[in-house]
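Engineer: Dropping in start.cif, with mmCIF, C-alpha atoms and all ligand atoms.
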data_work
loop_
_atom_site.label_atom_id
_atom_site.label_comp_id
_atom_site.auth_asym_id
_atom_site.auth_seq_id
_atom_site.Cartn_x
_atom_site.Cartn_y
_atom_site.Cartn_z
CA MET P 1 0.00 0.00 0.00
CA LYS P 2 1.29 3.41 -0.93
CA VAL P 3 0.69 6.27 1.49
CA ARG P 4 -0.53 9.18 -0.60
CA THR P 5 -2.12 11.48 1.96
CA VAL P 6 -1.90 11.81 5.73
CA GLU P 7 -3.91 14.19 7.81
CA PHE P 8 -4.02 14.68 11.58
CA CYS P 9 -7.74 14.67 12.43
CA GLY P 10 -7.72 15.45 16.13
CA THR P 11 -7.44 14.02 19.61
CA VAL P 12 -10.21 12.23 21.46
CA VAL P 13 -10.02 12.40 25.26
CA VAL P 14 -13.27 10.75 26.34
CA HIS P 15 -14.20 7.22 25.34
CA ASP P 16 -17.76 8.13 24.29
CA ALA P 17 -16.78 11.08 22.08
CA THR P 18 -17.89 11.29 18.46
CA MET P 19 -15.28 9.69 16.20
CA PRO P 20 -13.51 12.13 13.84
CA GLY P 21 -14.96 10.33 10.82
CA ASN P 22 -16.74 7.26 9.59
CA LEU P 23 -13.72 5.25 8.40
CA PRO P 24 -12.14 1.98 9.61
CA GLN P 25 -9.70 2.51 12.48
CA ILE P 26 -6.51 0.65 13.36
CA ALA P 27 -5.29 1.39 16.89
CA PHE P 28 -1.73 1.14 18.21
CA SER P 29 -1.46 -0.05 21.81
CA GLY P 30 1.36 -0.88 24.19
CA ARG P 31 3.20 0.36 27.23
CA SER P 32 4.45 3.87 27.39
CA ASN P 33 7.71 4.41 25.49
CA VAL P 34 7.40 1.13 23.54
CA GLY P 35 7.44 3.10 20.27
CA LYS P 36 3.83 3.49 19.10
CA SER P 37 4.19 7.05 17.82
CA SER P 38 7.54 6.20 16.18
CA LEU P 39 5.96 3.26 14.38
CA ILE P 40 3.12 5.43 13.09
CA ASN P 41 5.65 7.93 11.75
CA ARG P 42 7.58 5.11 10.08
CA ILE P 43 4.46 3.63 8.50
CA LEU P 44 3.45 7.02 7.20
CA GLY P 45 6.93 7.75 5.85
CA ARG P 46 7.33 10.61 8.32
CA THR P 47 10.70 9.72 9.82
CA LYS P 48 12.19 13.17 9.20
CA LYS P 49 9.21 15.47 9.45
CA LYS P 50 7.33 13.59 12.17
CA ILE P 51 3.55 13.76 12.45
CA ALA P 52 3.02 11.69 15.63
CA HIS P 53 4.83 13.16 18.62
CA VAL P 54 7.80 11.09 19.82
CA SER P 55 9.53 11.70 23.11
CA ALA P 56 12.14 10.23 25.39
CA THR P 57 9.76 11.04 28.28
CA PRO P 58 7.16 8.28 28.80
CA GLY P 59 3.51 9.25 28.85
CA LYS P 60 3.76 11.77 26.02
CA THR P 61 0.64 10.65 24.15
CA GLN P 62 -2.33 11.39 26.41
CA GLY P 63 -5.47 11.13 24.26
CA LEU P 64 -6.41 9.06 21.22
CA ASN P 65 -4.77 10.73 18.23
CA PHE P 66 -6.38 10.12 14.84
CA TYR P 67 -4.38 10.16 11.59
CA GLU P 68 -6.34 9.78 8.38
CA VAL P 69 -4.47 7.87 5.66
CA ASN P 70 -5.36 8.05 1.94
CA LYS P 71 -8.82 9.30 2.99
CA ALA P 72 -9.55 5.58 3.53
CA PHE P 73 -8.76 4.71 7.16
CA PHE P 74 -7.45 6.04 10.46
CA LEU P 75 -4.38 5.07 12.42
CA VAL P 76 -5.13 5.76 16.08
CA ASP P 77 -2.22 6.40 18.44
CA LEU P 78 -3.36 5.27 21.91
CA PRO P 79 -1.85 6.61 25.12
CA GLY P 80 0.66 4.17 26.61
CA PHE P 81 -0.10 2.17 29.72
CA GLY P 82 2.13 1.35 32.63
CA TYR P 83 3.59 4.78 33.03
CA ALA P 84 5.09 4.07 36.45
CA ARG P 85 4.92 7.55 37.88
CA ALA P 86 1.29 8.17 36.92
CA PRO P 87 -1.02 8.51 39.94
CA GLU P 88 -3.83 5.94 40.41
CA HIS P 89 -6.62 8.23 39.17
CA VAL P 90 -4.70 8.86 35.92
CA ARG P 91 -4.33 5.12 35.40
CA ALA P 92 -8.03 4.60 36.05
CA GLU P 93 -8.85 7.31 33.47
CA TRP P 94 -6.55 5.56 31.03
CA ARG P 95 -8.47 2.30 31.43
CA THR P 96 -11.83 3.99 30.91
CA LEU P 97 -10.59 5.82 27.83
CA VAL P 98 -8.72 3.00 26.10
CA GLU P 99 -10.89 0.04 27.06
CA GLY P 100 -14.07 2.05 26.45
CA TYR P 101 -12.84 3.07 23.01
CA LEU P 102 -11.81 -0.49 22.04
CA ALA P 103 -15.20 -1.86 23.08
CA ARG P 104 -17.13 0.54 20.83
CA ASP P 105 -18.84 -0.88 17.76
CA ASP P 106 -17.56 2.08 15.75
CA GLY P 107 -14.07 1.79 17.33
CA ALA P 108 -11.00 -0.07 16.09
CA CYS P 109 -11.44 -2.84 13.49
CA GLY P 110 -7.93 -4.02 14.30
CA VAL P 111 -5.17 -3.38 16.81
CA VAL P 112 -1.39 -3.39 16.54
CA HIS P 113 -0.09 -4.25 20.00
CA LEU P 114 3.57 -3.35 20.46
CA ILE P 115 6.01 -5.23 22.68
CA ASP P 116 9.63 -4.15 23.18
CA ALA P 117 11.92 -6.94 21.92
CA ARG P 118 14.30 -6.35 24.84
CA ARG P 119 11.76 -6.57 27.65
CA ASP P 120 9.65 -9.30 29.10
CA PRO P 121 5.94 -8.82 28.43
CA THR P 122 4.13 -7.39 31.46
CA SER P 123 0.82 -8.37 33.04
CA GLN P 124 -0.63 -5.33 31.26
CA ASP P 125 0.44 -6.76 27.90
CA ARG P 126 -1.29 -10.01 28.81
CA ASP P 127 -4.39 -8.18 30.02
CA MET P 128 -4.59 -6.15 26.81
CA LEU P 129 -4.16 -9.21 24.57
CA ALA P 130 -6.81 -11.09 26.57
CA TYR P 131 -9.17 -8.12 26.38
CA LEU P 132 -8.76 -7.88 22.59
CA ALA P 133 -9.33 -11.62 22.24
CA GLN P 134 -12.49 -11.30 24.35
CA LEU P 135 -13.72 -8.46 22.14
CA GLY P 136 -12.83 -10.47 19.04
CA THR P 137 -10.72 -7.61 17.68
CA PRO P 138 -8.11 -8.88 15.18
CA THR P 139 -4.68 -8.16 16.65
CA VAL P 140 -1.19 -7.97 15.16
CA VAL P 141 1.66 -8.15 17.67
CA ALA P 142 4.59 -5.95 16.67
CA ILE P 143 7.85 -6.91 18.37
CA THR P 144 9.53 -3.57 18.15
CA LYS P 145 13.00 -2.04 18.62
CA ILE P 146 14.24 -5.29 17.05
CA ASP P 147 17.26 -3.32 15.77
CA LYS P 148 18.54 -3.43 19.35
CA LEU P 149 18.91 -7.24 19.33
CA SER P 150 21.74 -9.22 17.78
CA TRP P 151 20.75 -11.84 15.21
CA GLN P 152 21.64 -14.55 17.71
CA LYS P 153 19.47 -12.99 20.41
CA ARG P 154 16.45 -12.52 18.19
CA LYS P 155 16.50 -16.22 17.30
CA ASP P 156 15.91 -16.95 20.99
CA VAL P 157 13.63 -14.04 21.85
CA LEU P 158 10.98 -14.33 19.14
CA PRO P 159 9.94 -17.98 19.63
CA GLU P 160 10.07 -17.45 23.40
CA LEU P 161 7.67 -14.48 23.23
CA ILE P 162 5.32 -16.36 20.92
CA ARG P 163 5.28 -19.34 23.28
CA GLU P 164 4.95 -17.28 26.45
CA LEU P 165 2.02 -15.25 25.16
CA GLY P 166 0.35 -18.16 23.35
CA LEU P 167 0.38 -16.24 20.04
CA ASP P 168 -0.08 -17.50 16.51
CA PRO P 169 3.31 -16.91 14.76
CA GLU P 170 1.37 -15.52 11.78
CA GLN P 171 0.16 -12.73 14.02
CA VAL P 172 3.66 -11.59 15.02
CA ILE P 173 5.86 -9.14 13.11
CA PRO P 174 9.39 -8.14 14.19
CA LEU P 175 9.78 -4.43 13.55
CA SER P 176 12.10 -1.50 13.81
CA SER P 177 10.99 2.07 13.41
CA LYS P 178 14.68 2.96 13.22
CA THR P 179 15.64 0.78 10.24
CA GLY P 180 12.18 0.26 8.74
CA GLU P 181 12.40 -3.53 9.06
CA GLY P 182 8.93 -5.11 9.07
CA ARG P 183 7.22 -1.96 7.81
CA ASP P 184 5.99 -3.45 4.54
CA GLU P 185 4.77 -6.63 6.21
CA LEU P 186 2.83 -4.58 8.76
CA MET P 187 1.37 -2.43 5.99
CA ASP P 188 0.09 -5.57 4.23
CA ALA P 189 -1.49 -6.77 7.48
CA LEU P 190 -3.19 -3.38 7.99
CA GLU P 191 -4.50 -3.40 4.45
CA THR P 192 -6.08 -6.80 5.05
CA LEU P 193 -7.75 -5.56 8.26
CA VAL P 194 -9.11 -2.42 6.60
CA GLU P 195 -10.44 -4.38 3.62
CA ALA P 196 -12.13 -6.93 5.89
CA GLN P 197 -13.84 -4.07 7.71
CA GLY P 198 -15.09 -2.58 4.42
CA GLU P 199 -16.85 -5.84 3.49
CA THR P 200 -20.58 -5.96 4.05
CA PRO P 201 -22.08 -9.20 5.42
CA GLU P 202 -23.34 -9.97 1.87
CA ASP P 203 -19.77 -9.68 0.50
CA THR P 204 -18.64 -12.18 3.09
CA ALA P 205 -21.51 -14.54 2.32
CA ASP P 206 -20.70 -14.42 -1.42
CA ALA P 207 -17.00 -15.13 -0.91
P1 LIG F 301 4.04 7.11 24.73
O1 LIG F 301 3.49 8.15 23.80
O2 LIG F 301 4.66 7.66 25.95
O3 LIG F 301 3.06 6.03 25.06
O4 LIG F 301 5.31 6.39 23.98
P2 LIG F 301 5.34 5.72 22.53
O5 LIG F 301 4.98 4.28 22.64
O6 LIG F 301 4.59 6.53 21.53
O7 LIG F 301 6.92 5.76 22.19
P3 LIG F 301 7.69 6.75 21.20
O8 LIG F 301 7.35 6.46 19.78
O9 LIG F 301 7.55 8.14 21.69
O10 LIG F 301 9.21 6.23 21.39
C1 LIG F 301 9.86 6.19 22.64
C2 LIG F 301 11.38 6.14 22.41
O11 LIG F 301 11.78 4.92 21.78
C3 LIG F 301 11.92 7.26 21.53
O12 LIG F 301 13.15 7.70 22.07
C4 LIG F 301 12.12 6.58 20.18
O13 LIG F 301 13.14 7.19 19.40
C5 LIG F 301 12.54 5.17 20.59
N1 LIG F 301 12.17 4.13 19.57
C6 LIG F 301 10.92 3.87 19.12
N2 LIG F 301 10.91 2.84 18.22
C7 LIG F 301 12.21 2.45 18.10
C8 LIG F 301 12.86 1.41 17.33
O14 LIG F 301 12.25 0.63 16.57
N3 LIG F 301 14.22 1.29 17.50
C9 LIG F 301 14.93 2.10 18.34
N4 LIG F 301 16.25 1.88 18.44
N5 LIG F 301 14.35 3.07 19.07
C10 LIG F 301 13.01 3.27 18.96
MG MG F 302 3.35 8.17 21.79
#
Give the structure from this file in structure tokens form.
Ligand code: GTP
Ligand code: MG
Structural biologist:
Amino acid sequence: MKVRTVEFCGTVVVHDATMPGNLPQIAFSGRSNVGKSSLINRILGRTKKKIAHVSATPGKTQGLNFYEVNKAFFLVDLPGFGYARAPEHVRAEWRTLVEGYLARDDGACGVVHLIDARRDPTSQDRDMLAYLAQLGTPTVVAITKIDKLSWQKRKDVLPELIRELGLDPEQVIPLSSKTGEGRDELMDALETLVEAQGETPEDTADA
């Protein structure tokens, strides 16, 4: 898929807000600092002139940020979870916002859940994957910052993560927003999710 147009369409800060448009949405989830905004910039070809805000300080993305791509779908940058210094009420607000949004019928048709290749998955990663499975939301797991692992290390880490989280290997894509590795594979996966969303029940019945 070629990215022809990208437009920032606003930030949603309450889970029951009106969506910025009636297009399929792909959301990016994962702990704070895992690289969600960086991955969105990479996908959109915005590595120099960034569109999604990237920061060395965790907790930078606070609301749900909508980026419209090719006037056909939205990429939604979710606020990161597990920001250690966030007070309890902020974490509770995060749950309401993110979980409420994901549960909406007009919410995400697919989710890219990011896990840092160098870190063990947390209970919050497990909770999020279980929640998405419960909702029946198709999920791609992006193992990111893979550029930071040696080839030897990645041979051990990837199968271990897949086993530990009980994932389907088909669902997992090693990625680097720094080198661009995995970008095209992820783009293909997103295209499939968006197309599946566009199908009416009759289309599916005919297939
Ligand atoms: P929040 O908005 O706080 O939830 O964080 P985020 O998940 O959006 O992370 P962000 O994209 O802001 O990246 C956090 C840091 O990780 C930045 O310093 C990025 O440059 C770095 N980073 C992100 N992806 C990669 C990657 O694939 N490789 C390397 N080496 N660094 C990365
Ligand atoms: Mg961010």
Engineer: One decimal, in Å: what's the spacing between CA of Asp156 (chain P) and CA of Glu185 (chain P)?
Structural biologist: 21.2 Å
Engineer: Using only C-alpha atoms and all ligand atoms, find each protein or nucleic acid residue lying at most 7 Å from ligand MG 302 (chain F); present the set as a list in words.
Structural biologist: Asn33, Gly35, Lys36, Ser37, His53, Val54, Lys60, Thr61, Asp77, Pro79 and Gly80 of chain P
Engineer: So how many Å separate CA of Ala108 (chain P) and CA of Val14 (chain P), to one decimal?
Structural biologist: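 Separation of CA of Ala108 (chain P) and CA of Val14 (chain P): 15.1 Å.
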Engineer: Any idea what the distance is between CA of Leu39 (chain P) and CA of Val6 (chain P)?
Structural biologist: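 Separation between CA of Leu39 (chain P) and CA of Val6 (chain P): 14.5 Å.
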Engineer: Which one is closest to ligand LIG 301 (chain F): P:Val111, P:Leu175, P:Val12, P:Val98? Count all atoms listed in the file.
Structural biologist: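 Among P:Val111, P:Leu175, P:Val12, P:Val98, it is P:Leu175 that comes nearest to ligand LIG 301 (chain F).
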Engineer: Kindly compute an axis-aligned box around the listed atoms of ligand LIG 301 (chain F), allowing 4 Å on each side, and express its centre and edge lengths in Å to one decimal as AutoDock Vina command-line options.
Structural biologist:
--center_x 9.7 --center_y 4.4 --center_z 21.3 --size_x 21.2 --size_y 15.5 --size_z 17.4
Engineer: Can you tell me which residues surround region 72-76 of chain P at a distance of at most 8 Å, considering all atoms listed in the file, apart from same-chain residues fewer than 6 positions away, and format the answer as a list of chain:residue names?
Structural biologist: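 Those residues are P:Leu23, P:Pro24, P:Gln25, P:Ile26, P:Ala27, P:Phe28, P:Ile40, P:Leu64, P:Asn65, P:Phe66, P:Val194.
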Engineer: Considering all atoms listed in the file, can you say which of P:Ser38, P:Thr179, P:Asn22, P:Gln152 comes closest to ligand LIG 301 (chain F)?
Structural biologist: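 Once distances to ligand LIG 301 (chain F) are computed over all atoms listed in the file, the minimum belongs to P:Ser38.
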Engineer: For ligand LIG 301 (chain F), which residue among P:Ala17, P:Leu78, P:Ala189, P:Val140 is the nearest when counting all atoms listed in the file?
Structural biologist: P:Leu78
Engineer: Point out the residue among P:Gly110, P:Pro174, P:Ile115, P:Val3 with the least atom-to-atom distance to Glu195 (chain P), counting all atoms listed in the file.
Structural biologist: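 Of P:Gly110, P:Pro174, P:Ile115, P:Val3, the one nearest Glu195 (chain P) is P:Gly110, counting all atoms listed in the file.
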Engineer: Please tell me which residues are no farther than 12 Å from (3.2, -3.3, 5.7) in the file, counting all atoms listed in the file, and write them as a PyMOL selection string.
Structural biologist: chain P and resi 1-3+39-40+42-45+112+140+142+173-175+180-193
Engineer: Using all atoms listed in the file, can you tell me which of P:Lys155, P:Arg126, P:His113, P:Lys49 comes closest to ligand LIG 301 (chain F)?
Structural biologist: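 Residue with the minimum atom-to-atom distance to ligand LIG 301 (chain F): P:His113.
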Engineer: Arg119 (chain P): which residues within 12 Å, counting only C-alpha atoms, same-chain residues fewer than 3 positions away excluded, as a list in words?
Structural biologist: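 These residues fall inside the cut-off: Arg31, Asn33, Val34, Leu114, Ile115, Asp116, Thr122, Asp125, Ile143, Thr144, Lys145, Ile146, Lys148, Leu149, Val157, Leu158, Glu160 and Leu161 of chain P.
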Engineer: Given only C-alpha atoms as the basis, pick out the residue of P:Asn70, P:Thr11, P:Thr18, P:Thr47 nearest to Lys178 (chain P).
Structural biologist: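 Checking each candidate against Lys178 (chain P), we get P:Thr47 as the closest.
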Engineer: Quick one: everything within 12 Å of Arg95 (chain P), counting all atoms listed in the file, minus sequence neighbours fewer than 2 positions away in the same chain. Send it as number ranges by chain.
Structural biologist: P: 13-15, 63, 78-82, 88-93, 97-103, 124, 127-128, 131
